[in-house]
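Printed here is entry.txt (compact mmCIF, C-alpha atoms):
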```txt
# COMPACT_ATOMS: atom_id res chain seq x y z
CA MET L 84 -29.96 -129.67 63.26
CA SER L 85 -26.95 -128.70 65.27
CA GLU L 86 -23.75 -129.48 63.43
CA PHE L 87 -20.28 -130.06 64.78
CA SER L 88 -17.08 -128.93 63.23
CA GLN L 89 -15.02 -132.06 62.82
CA SER L 90 -11.86 -130.31 63.85
CA SER L 91 -13.05 -128.50 66.93
CA LYS L 92 -16.26 -130.06 68.25
CA ILE L 93 -17.77 -126.65 68.82
CA THR L 94 -21.54 -126.54 68.73
CA ASP L 95 -23.59 -124.04 66.81
CA GLU L 96 -25.31 -123.23 70.07
CA GLU L 97 -22.00 -122.13 71.54
CA LEU L 98 -21.15 -120.20 68.41
CA ILE L 99 -24.47 -118.36 68.51
CA ALA L 100 -24.13 -117.65 72.22
CA TYR L 101 -20.68 -116.27 71.43
CA LEU L 102 -22.18 -113.92 68.82
CA ASP L 103 -24.82 -112.87 71.32
CA GLY L 104 -22.19 -112.10 73.97
CA GLU L 105 -23.69 -114.70 76.27
CA LEU L 106 -20.60 -116.83 76.85
CA GLU L 107 -18.26 -116.61 79.79
CA ASP L 108 -14.74 -115.28 79.27
CA ALA L 109 -13.08 -118.68 79.20
CA ALA L 110 -15.48 -120.02 76.57
CA CYS L 111 -15.04 -116.85 74.51
CA ARG L 112 -11.28 -117.22 74.56
CA ARG L 113 -11.60 -120.84 73.49
CA ILE L 114 -13.80 -119.92 70.55
CA GLU L 115 -11.56 -117.04 69.51
CA GLN L 116 -8.62 -119.42 69.56
CA LEU L 117 -10.51 -121.82 67.32
CA LEU L 118 -11.61 -119.04 65.00
CA MET L 119 -8.00 -118.19 64.35
CA THR L 120 -7.11 -121.72 63.40
CA ASP L 121 -10.21 -123.29 61.91
CA PRO L 122 -11.57 -121.82 58.65
CA GLN L 123 -14.66 -123.98 58.86
CA ILE L 124 -15.69 -122.40 62.14
CA ARG L 125 -14.96 -118.97 60.69
CA ARG L 126 -17.26 -119.73 57.77
CA ARG L 127 -20.05 -120.94 60.04
CA LEU L 128 -19.72 -117.87 62.20
CA GLN L 129 -19.82 -115.57 59.17
CA GLU L 130 -22.90 -117.27 57.79
CA LEU L 131 -24.72 -116.94 61.08
CA GLU L 132 -23.71 -113.30 61.33
CA ARG L 133 -24.81 -112.48 57.80
CA CYS L 134 -28.18 -114.14 58.26
CA TRP L 135 -28.67 -112.27 61.53
CA GLU L 136 -27.84 -109.00 59.83
CA LEU L 137 -30.42 -109.72 57.16
CA LEU L 138 -33.09 -109.30 59.82
CA ASP L 139 -32.22 -105.61 59.80
CA GLN L 140 -34.30 -105.53 56.63
CA LEU L 141 -37.33 -105.77 58.85
CA GLU L 142 -37.49 -102.12 59.68
CA PRO L 143 -39.68 -101.03 62.57
CA PRO L 144 -42.92 -99.44 61.49
CA PRO L 145 -42.85 -95.64 61.54
CA ASP L 146 -44.49 -93.83 64.43
CA ASP L 147 -48.18 -93.91 63.78
CA GLU L 148 -49.95 -90.90 65.28
CA ARG L 149 -53.32 -92.30 64.28
CA LEU L 150 -52.66 -95.49 66.23
CA THR L 151 -51.32 -93.56 69.22
CA ARG L 152 -54.37 -91.33 69.28
CA SER L 153 -56.71 -94.26 68.89
CA THR L 154 -55.03 -96.16 71.73
CA LEU L 155 -55.11 -93.12 73.99
CA GLU L 156 -58.82 -92.75 73.26
CA MET L 157 -59.36 -96.37 74.28
CA VAL L 158 -57.43 -95.74 77.47
CA ALA L 159 -59.50 -92.62 78.15
CA VAL L 160 -62.69 -94.66 77.75
CA GLU L 161 -61.24 -97.24 80.13
CA ALA L 162 -60.37 -94.51 82.64
CA ALA L 163 -63.89 -93.08 82.42
CA ARG L 164 -65.34 -96.55 82.98
CA GLU L 165 -63.13 -96.99 86.04
CA VAL L 166 -64.41 -93.71 87.46
CA GLU L 167 -68.02 -94.75 86.79
CA GLN L 168 -67.52 -98.05 88.52
CA SER L 169 -65.79 -96.54 91.52
CA PRO L 170 -68.47 -94.38 93.32
CA PRO L 171 -69.01 -96.87 96.18
CA MET L 172 -65.30 -96.91 96.74
CA TRP L 173 -65.17 -93.12 96.74
CA GLY L 174 -68.23 -93.06 99.08
CA LYS L 175 -66.42 -95.22 101.58
CA LYS L 176 -63.40 -93.00 101.35
CA ALA L 177 -65.49 -89.89 101.86
CA TRP L 178 -67.13 -91.39 104.95
CA PHE L 179 -63.77 -92.37 106.29
CA ARG L 180 -62.44 -88.86 105.74
CA LEU L 181 -65.47 -87.30 107.40
CA LEU L 182 -65.14 -89.54 110.46
CA LEU L 183 -61.45 -88.82 110.60
CA ALA L 184 -62.13 -85.07 110.48
CA LEU L 185 -64.73 -85.33 113.27
CA PHE L 186 -62.44 -87.38 115.43
CA SER L 187 -59.59 -84.92 114.84
CA LEU L 188 -61.90 -82.07 115.81
CA LEU L 189 -62.96 -83.78 119.03
CA LEU L 190 -59.40 -84.63 119.89
CA ALA L 191 -58.28 -81.05 119.26
CA GLY L 192 -61.12 -79.78 121.48
CA ALA L 193 -60.22 -82.16 124.30
CA VAL L 194 -56.56 -81.26 124.15
CA GLY L 195 -57.38 -77.52 124.10
CA PHE L 196 -59.70 -77.85 127.09
CA GLY L 197 -57.08 -79.79 129.05
CA LEU L 198 -54.36 -77.30 128.31
CA GLY L 199 -56.62 -74.37 129.19
CA TRP L 200 -57.65 -75.96 132.47
CA TRP L 201 -54.04 -76.62 133.34
CA ALA L 202 -52.70 -73.23 132.33
CA ALA L 203 -55.48 -70.70 133.22
CA PRO L 204 -55.92 -69.68 136.94
CA ASP L 205 -59.17 -70.83 138.56
CA PRO L 206 -60.78 -67.86 140.44
CA ASP L 207 -62.89 -70.24 142.56
CA ARG L 208 -59.81 -71.99 143.80
CA GLN L 209 -58.42 -68.73 145.20
CA LEU L 210 -61.78 -67.95 146.79
CA LEU L 211 -61.86 -71.33 148.49
CA GLU L 212 -58.39 -70.81 149.82
CA ASP L 213 -59.33 -67.39 151.22
CA LEU L 214 -62.67 -68.53 152.64
CA PRO L 215 -61.52 -68.78 156.35
CA LEU L 216 -60.18 -65.24 156.14
CA LEU L 217 -63.31 -63.93 154.50
CA GLU L 218 -65.58 -65.56 157.04
CA ASN L 219 -63.68 -63.95 159.93
CA LEU L 220 -62.89 -60.71 158.23
CA ASP L 221 -65.14 -58.65 160.55
CA CYS L 222 -63.33 -60.02 163.62
CA TYR L 223 -59.93 -59.36 162.10
CA ARG L 224 -60.92 -55.78 161.35
CA GLN L 225 -61.52 -55.19 165.07
CA ILE L 226 -57.82 -55.61 165.65
CA ASP L 227 -55.76 -52.81 164.19
CA ASP L 228 -52.37 -54.26 164.97
CA PHE L 229 -51.13 -56.57 162.21
CA GLN L 230 -48.15 -57.67 164.32
CA PHE L 231 -50.52 -58.84 167.03
CA LEU L 232 -52.48 -60.94 164.54
CA LYS L 233 -49.28 -62.44 163.23
CA SER L 234 -48.16 -63.39 166.74
CA LEU L 235 -51.57 -65.07 167.30
CA GLN L 236 -51.07 -67.06 164.12
CA GLU L 237 -47.60 -68.09 165.19
CA ARG L 238 -49.02 -69.38 168.44
CA GLY L 239 -51.32 -71.59 166.48
CA LEU L 240 -54.54 -69.86 167.28
CA PHE L 241 -55.82 -70.05 163.73
CA GLN L 242 -54.76 -73.64 163.12
CA GLU L 243 -58.17 -75.19 163.39
CA ASP L 244 -59.13 -77.97 161.03
CA TRP L 245 -60.69 -76.13 158.25
CA PRO L 246 -62.77 -78.29 155.96
CA TYR L 247 -61.89 -76.40 152.82
CA GLU L 248 -58.17 -76.58 153.26
CA GLY L 249 -55.92 -78.98 151.46
CA MET P 50 -38.29 -123.84 87.63
CA GLY P 51 -36.35 -121.68 90.08
CA PRO P 52 -36.15 -117.92 89.99
CA LEU P 53 -34.47 -116.76 86.80
CA VAL P 54 -32.92 -113.70 88.41
CA SER P 55 -32.78 -112.79 92.06
CA LYS P 56 -35.44 -110.33 93.15
CA SER P 57 -32.97 -107.91 94.67
CA SER P 58 -30.87 -107.86 91.51
CA ALA P 59 -33.95 -107.36 89.36
CA ARG P 60 -35.10 -104.50 91.57
CA ARG P 61 -31.65 -102.91 91.41
CA HIS P 62 -31.70 -103.00 87.60
CA ALA P 63 -35.24 -101.72 87.56
CA MET P 64 -34.49 -98.67 89.65
CA VAL P 65 -31.94 -97.38 87.14
CA ASP P 66 -34.38 -97.87 84.27
CA PRO P 67 -35.95 -94.50 83.35
CA ASP P 68 -38.98 -96.26 81.91
CA VAL P 69 -39.64 -97.87 85.28
CA HIS P 70 -39.87 -94.37 86.72
CA LEU P 71 -42.27 -93.40 83.95
CA MET P 72 -44.42 -96.41 84.74
CA LEU P 73 -44.37 -95.55 88.44
CA ARG P 74 -45.69 -92.12 87.47
CA VAL P 75 -48.41 -93.83 85.42
CA ARG P 76 -49.27 -95.85 88.52
CA ASP P 77 -49.65 -92.60 90.43
CA GLY P 78 -52.09 -91.28 87.83
CA ASP P 79 -49.80 -89.29 85.52
CA ALA P 80 -51.44 -89.40 82.08
CA GLU P 81 -48.51 -87.69 80.36
CA ALA P 82 -46.17 -90.43 81.53
CA PHE P 83 -48.42 -93.02 79.91
CA THR P 84 -48.44 -91.10 76.63
CA GLU P 85 -44.65 -90.90 76.77
CA LEU P 86 -44.34 -94.63 77.34
CA MET P 87 -46.63 -95.26 74.42
CA ARG P 88 -44.58 -93.03 72.16
CA ARG P 89 -41.42 -94.84 73.21
CA TYR P 90 -42.70 -98.35 72.81
CA GLN P 91 -45.60 -98.41 70.38
CA SER P 92 -43.62 -99.08 67.21
CA ARG P 93 -41.38 -101.58 69.00
CA VAL P 94 -44.34 -103.56 70.27
CA LEU P 95 -45.93 -103.29 66.87
CA LEU P 96 -42.83 -104.64 65.13
CA VAL P 97 -42.74 -107.71 67.34
CA LEU P 98 -46.47 -108.31 67.05
CA GLU P 99 -46.54 -107.83 63.31
CA HIS P 100 -43.93 -110.50 62.80
CA LEU P 101 -45.50 -112.77 65.37
CA VAL P 102 -49.00 -112.75 63.93
CA GLY P 103 -48.07 -111.92 60.34
CA ASP P 104 -50.65 -109.21 59.79
CA ARG P 105 -50.35 -105.46 60.30
CA ASP P 106 -53.98 -104.70 61.11
CA TRP P 107 -54.19 -107.54 63.57
CA ALA P 108 -50.88 -106.47 65.10
CA GLU P 109 -52.26 -102.95 65.60
CA ASP P 110 -55.29 -104.32 67.40
CA LEU P 111 -53.07 -106.43 69.62
CA ALA P 112 -50.71 -103.50 70.31
CA GLN P 113 -53.71 -101.52 71.53
CA GLU P 114 -54.68 -104.45 73.70
CA VAL P 115 -51.15 -104.54 75.14
CA PHE P 116 -51.22 -100.86 76.12
CA LEU P 117 -54.72 -101.17 77.49
CA ARG P 118 -53.49 -104.01 79.70
CA VAL P 119 -50.53 -101.89 80.77
CA TYR P 120 -52.97 -99.17 81.80
CA ARG P 121 -55.26 -101.61 83.61
CA ALA P 122 -52.33 -103.15 85.46
CA ARG P 123 -50.86 -99.80 86.52
CA LYS P 124 -52.18 -99.88 90.07
CA THR P 125 -50.54 -103.21 90.81
CA TYR P 126 -47.29 -102.38 89.02
CA THR P 127 -44.15 -102.95 91.05
CA ALA P 128 -40.63 -102.13 89.91
CA ASP P 129 -39.36 -105.70 90.11
CA ALA P 130 -37.81 -105.83 86.65
CA LYS P 131 -36.87 -103.67 83.71
CA PHE P 132 -39.92 -102.05 82.17
CA VAL P 133 -39.20 -103.57 78.76
CA THR P 134 -39.26 -107.05 80.30
CA TRP P 135 -42.63 -106.39 81.91
CA LEU P 136 -44.05 -104.86 78.74
CA PHE P 137 -42.96 -107.70 76.49
CA THR P 138 -44.22 -110.27 78.96
CA ILE P 139 -47.64 -108.71 78.45
CA THR P 140 -47.03 -108.59 74.70
CA ASN P 141 -46.09 -112.26 74.68
CA HIS P 142 -49.27 -113.19 76.58
CA VAL P 143 -51.48 -111.12 74.30
CA ALA P 144 -49.91 -112.57 71.16
CA SER P 145 -49.99 -116.14 72.45
CA ASN P 146 -53.64 -115.85 73.46
CA ALA P 147 -54.55 -114.35 70.10
CA LEU P 148 -52.74 -117.06 68.17
CA ARG P 149 -54.24 -119.77 70.34
CA THR P 150 -57.73 -118.38 69.80
CA LYS P 151 -57.08 -118.27 66.10
CA ALA P 152 -55.84 -121.84 66.13
CA ARG P 153 -58.99 -122.94 67.96
CA ARG P 154 -61.00 -121.48 65.15
CA ARG P 155 -59.08 -123.80 62.88
CA GLU P 156 -57.60 -120.85 61.05
CA VAL P 157 -54.21 -122.45 61.04
CA ARG P 158 -53.02 -120.65 58.00
CA LEU P 159 -50.79 -117.69 58.82
CA ARG P 160 -52.18 -114.45 57.50
CA PRO P 161 -50.08 -112.88 54.77
CA ALA P 162 -48.47 -109.57 55.64
CA ALA P 163 -50.64 -106.62 54.70
CA ASN P 164 -48.19 -105.23 52.22
CA SER P 165 -47.02 -108.55 50.82
CA SER P 166 -47.80 -109.31 47.25
CA GLY P 167 -49.32 -112.53 46.01
CA SER P 168 -51.24 -115.04 48.05
CA GLY P 169 -50.90 -118.35 49.78
CA ARG P 170 -48.70 -119.62 52.56
CA PRO P 171 -45.19 -118.22 52.82
CA LEU P 172 -43.71 -121.62 52.35
CA GLU P 173 -45.77 -122.18 49.26
CA ARG P 174 -44.39 -118.94 47.93
CA LEU P 175 -40.91 -120.10 48.75
CA LEU P 176 -41.68 -123.27 46.86
CA GLN P 177 -42.68 -121.12 43.93
CA CYS P 178 -39.27 -119.49 44.18
CA SER P 179 -37.49 -122.79 44.25
CA SER P 180 -39.51 -124.10 41.36
CA GLY P 181 -38.37 -121.17 39.25
CA GLN P 182 -41.72 -119.36 38.98
CA ILE P 183 -39.94 -116.27 40.33
CA PRO P 184 -37.02 -115.41 38.10
CA ALA P 185 -33.59 -116.04 39.49
CA ARG P 186 -31.79 -112.74 39.78
CA GLN P 187 -30.29 -110.35 42.21
CA LEU P 188 -32.87 -109.37 44.75
CA ASP P 189 -33.65 -105.75 45.46
CA LYS P 190 -34.21 -104.44 48.94
CA ALA P 191 -37.99 -104.89 48.95
CA GLU P 192 -37.70 -108.45 47.77
CA MET P 193 -34.99 -109.16 50.29
CA ARG P 194 -37.21 -107.82 53.02
CA HIS P 195 -40.01 -110.01 51.80
CA ILE P 196 -37.78 -113.07 51.79
CA VAL P 197 -36.50 -112.35 55.26
CA ARG P 198 -40.06 -111.95 56.46
CA MET P 199 -41.03 -115.27 54.93
CA ALA P 200 -37.99 -116.96 56.44
CA LEU P 201 -39.01 -115.60 59.81
CA GLU P 202 -42.51 -116.92 59.33
CA THR P 203 -41.17 -120.42 58.88
CA LEU P 204 -40.07 -120.36 62.51
CA ASN P 205 -42.55 -121.46 65.11
CA GLU P 206 -44.14 -118.89 67.39
CA ARG P 207 -41.70 -119.30 70.28
CA GLN P 208 -38.62 -119.22 68.07
CA ARG P 209 -39.93 -116.10 66.37
CA MET P 210 -40.63 -114.36 69.66
CA ALA P 211 -37.16 -115.16 70.97
CA VAL P 212 -35.54 -113.98 67.74
CA LEU P 213 -37.48 -110.72 67.68
CA LEU P 214 -36.72 -109.93 71.31
CA ASN P 215 -33.07 -110.78 70.88
CA LYS P 216 -32.60 -109.00 67.58
CA PHE P 217 -34.75 -105.90 67.89
CA GLU P 218 -34.92 -105.34 71.63
CA GLY P 219 -31.36 -106.52 72.23
CA LEU P 220 -32.55 -108.48 75.25
CA SER P 221 -30.30 -110.95 77.00
CA TYR P 222 -31.13 -114.63 77.31
CA ALA P 223 -32.05 -114.01 80.94
CA ASP P 224 -34.52 -111.25 80.02
CA ILE P 225 -36.06 -113.33 77.24
CA ALA P 226 -36.31 -116.23 79.67
CA GLN P 227 -38.21 -114.04 82.09
CA ILE P 228 -40.59 -112.86 79.37
CA MET P 229 -41.21 -116.31 77.95
CA GLN P 230 -41.15 -118.08 81.32
CA MET P 231 -38.31 -120.36 80.41
CA THR P 232 -34.79 -120.92 81.68
CA PRO P 233 -31.90 -119.00 80.08
CA GLN P 234 -30.50 -122.35 78.94
CA ALA P 235 -33.79 -123.14 77.19
CA VAL P 236 -33.69 -119.74 75.50
CA LYS P 237 -30.15 -120.46 74.36
CA SER P 238 -31.31 -123.69 72.70
CA LEU P 239 -34.41 -122.05 71.26
CA LEU P 240 -32.43 -119.20 69.71
CA SER P 241 -29.83 -121.58 68.43
CA ARG P 242 -32.41 -123.66 66.58
CA ALA P 243 -34.12 -120.55 65.29
CA ARG P 244 -30.93 -119.09 63.89
CA LEU P 245 -29.91 -122.34 62.29
CA ASN P 246 -33.32 -122.50 60.62
CA LEU P 247 -32.88 -118.95 59.37
CA ARG P 248 -29.44 -119.76 58.08
CA GLN P 249 -30.78 -122.74 56.22
CA MET P 250 -33.43 -120.58 54.58
CA LEU P 251 -31.37 -117.51 53.84
CA ILE P 252 -27.93 -118.75 52.89
CA PRO P 253 -29.02 -119.63 49.33
CA TYR P 254 -30.12 -116.02 48.85
CA LEU P 255 -26.94 -114.68 50.32
CA GLU P 256 -24.70 -116.86 48.23
CA SER P 257 -26.34 -116.66 44.86
CA GLY P 258 -29.24 -114.23 45.08
CA GLN P 259 -31.37 -117.08 43.87
CA SER P 260 -34.22 -119.11 45.23
CA PRO P 261 -33.52 -121.16 48.32
CA GLU P 262 -33.50 -124.89 48.65
CA LEU P 263 -36.27 -125.59 51.04
CA PRO P 264 -35.59 -128.21 53.68
CA ALA P 265 -37.65 -131.30 52.98
CA ASP P 266 -39.21 -131.31 56.45
CA SER P 267 -39.68 -127.56 56.71
CA SER P 268 -42.96 -126.74 58.37
CA LEU P 269 -44.56 -124.03 60.44
CA GLU P 270 -44.46 -126.25 63.49
CA GLU P 271 -41.05 -127.81 63.70
CA PRO P 272 -41.53 -131.44 64.83
CA SER P 273 -38.85 -131.27 67.50
CA GLU P 274 -40.53 -128.27 69.10
CA GLY P 275 -44.16 -128.98 68.49
CA THR P 276 -44.84 -130.67 71.81
CA GLY P 277 -42.63 -130.25 74.83
CA ASN P 278 -40.79 -127.17 73.72
CA ASP P 279 -43.87 -125.11 73.17
CA SER P 280 -44.82 -125.72 76.74
CA GLY P 281 -41.68 -124.07 77.98
CA GLY P 282 -39.50 -127.11 78.46
CA GLU P 283 -37.17 -126.30 75.61
CA GLY P 284 -33.63 -127.36 76.28
CA GLU P 285 -34.28 -128.00 79.94
```

Could I get this structure in the form of C-alpha cells?
Amino acid sequence: MSEFSQSSKITDEELIAYLDGELEDAACRRIEQLLMTDPQIRRRLQELERCWELLDQLEPPPDDERLTRSTLEMVAVEAAREVEQSPPMWGKKAWFRLLLALFSLLLAGAVGFGLGWWAAPDPDRQLLEDLPLLENLDCYRQIDDFQFLKSLQERGLFQEDWPYEG
Amino acid sequence: MGPLVSKSSARRHAMVDPDVHLMLRVRDGDAEAFTELMRRYQSRVLLVLEHLVGDRDWAEDLAQEVFLRVYRARKTYTADAKFVTWLFTITNHVASNALRTKARRREVRLRPAANSSGSGRPLERLLQCSSGQIPARQLDKAEMRHIVRMALETLNERQRMAVLLNKFEGLSYADIAQIMQMTPQAVKSLLSRARLNLRQMLIPYLESGQSPELPADSSLEEPSEGTGNDSGGEGE
C-alpha cells in the first residue's frame, strides 16, 4: 500500500507521522525541505490532509441527558448492590472499631492512674515516715526542752535500726 | 513488549491532568465528581463507540457499560496515566469484547448506522455508488458525512480505533499505543495504513464529487492485518 515518491524516497508513513507531529526535528526539517522542492510530495501531503479533514464531518453526538440519567441510575443501582453485599465487611470494621475504642479506654485509664500515683502525695507514706516519732511521742512530751532533744539526736541516740525506714 | 512510557513520567503527566483529580475524588466516594466525568466524556466515548460498532443504540449500551466499569474500578484506580488513556483503554476492551461476541454469533455483518438510509453492507452501498445507481453529482453535507462514515467502516476494527483516538481525542501515538497495548511504532504503521485506505476511498469524492473507485481487494478485514496485526504485532 505504501508508495514511494520516486524523487525523494519518502514513505507515506513518514509523511503521516509528519502531519501528526510525531517526527523528530531533523526528520521534520528533511520533509519540509522536500516539500519545497517536490510537487509530488506536496500533492500527497495535501491529499492526506484533505481526507483527514473530511473526518470532521463525523460530528460528536450532542449531549444526551437521557443517556446520562440512565447511566447514573445504573451506577446508583450498582452502588446500592455494593452496599447490600458489604455488611460482613462493615461488621468486621465495626468490631475492629469497638475493640480499638476499648483498648484506647483501657490505655487512657492506665496512663491516668500512673500519672496520678506519681503526682499525688500518698498520706500513708508520710505516716510511715513519722511512725517512730508517733510511737515515742509520749516520751518526747516528757522533755520540754527541744534543744536537749536535738542534742540527743546529734549524739546518735535515736539512730536505731528502724524497720520502717528507707 | 517493554514499558511504553516510564511509570514516573506517566505519573507526572497524570498529576497535572484535572480529570485524574476528578477520578481520585470518585475513588474517595464523591458522586458529583463521577457525574462531572460523565458529562465531560460521555459524548466522546459515544462517538468512538458508534463508529467502532456502527450502531447508535448498541454504542449507547456499550458507553453505559464503560462508565459502569469506571465506577466499579474506582477503588483500585491509581493515577498512573492520563485519565483519557485509562478511560479509552476500558472503552477499547468493552468494544473489542462486544465485537468478538458478535463475531462468535456469526453476525459478521456490520450493523448499519441508525440514521443511515438504505440497507446492506457499506461496501455494497459504495458499489452501488460506483455502478451509478446513485447519481453522480456534488454531494451535500449529509451525504458527505455518510460517505465518510462508510469509508471509516471499511477499515478494520484496530485501524478504526486508532483513527478515532488520533483524530477526535488528539492522542499521541504513545497514548494510543498504551490504550491498544501496542508499541508506538506499531501504531504509526497502523495509522499509516488506515489513512492510506481512507485516502483511497475518499479522494474520488474530493476530486470529482462522484462515486469512488473501490479497490478490487477492499474488504472489512484487510488481508495484511487480519492475522498478526490484530493480535497487537502490527509493525513490530

Counting only C-alpha atoms, which residues of chain L come no farther than 10 Å from chain P, as a PyMOL selection string? chain L and resi 84-86+94-100+103-105+127+130-148+150-155+157-159+161-162+165

One residue among P:Arg123, P:Trp135, P:Val65, P:Thr150 is nearest to Met229 of chain P when using only C-alpha atoms, and that residue is P:Trp135

Grab the atom CA of His142 of chain P to atom CA of Trp107 of chain P distance for me, in Å with one decimal place.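 Straight-line distance from atom CA of His142 of chain P to atom CA of Trp107 of chain P works out to 15.0 Å.
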
Report, in Å with one decimal, the straight-line distance from atom CA of Met119 of chain L to atom CA of Ala243 of chain P. 26.2 Å

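The spacing separating atom CA of Phe137 of chain P from atom CA of Arg154 of chain P amounts to 25.4 Å.
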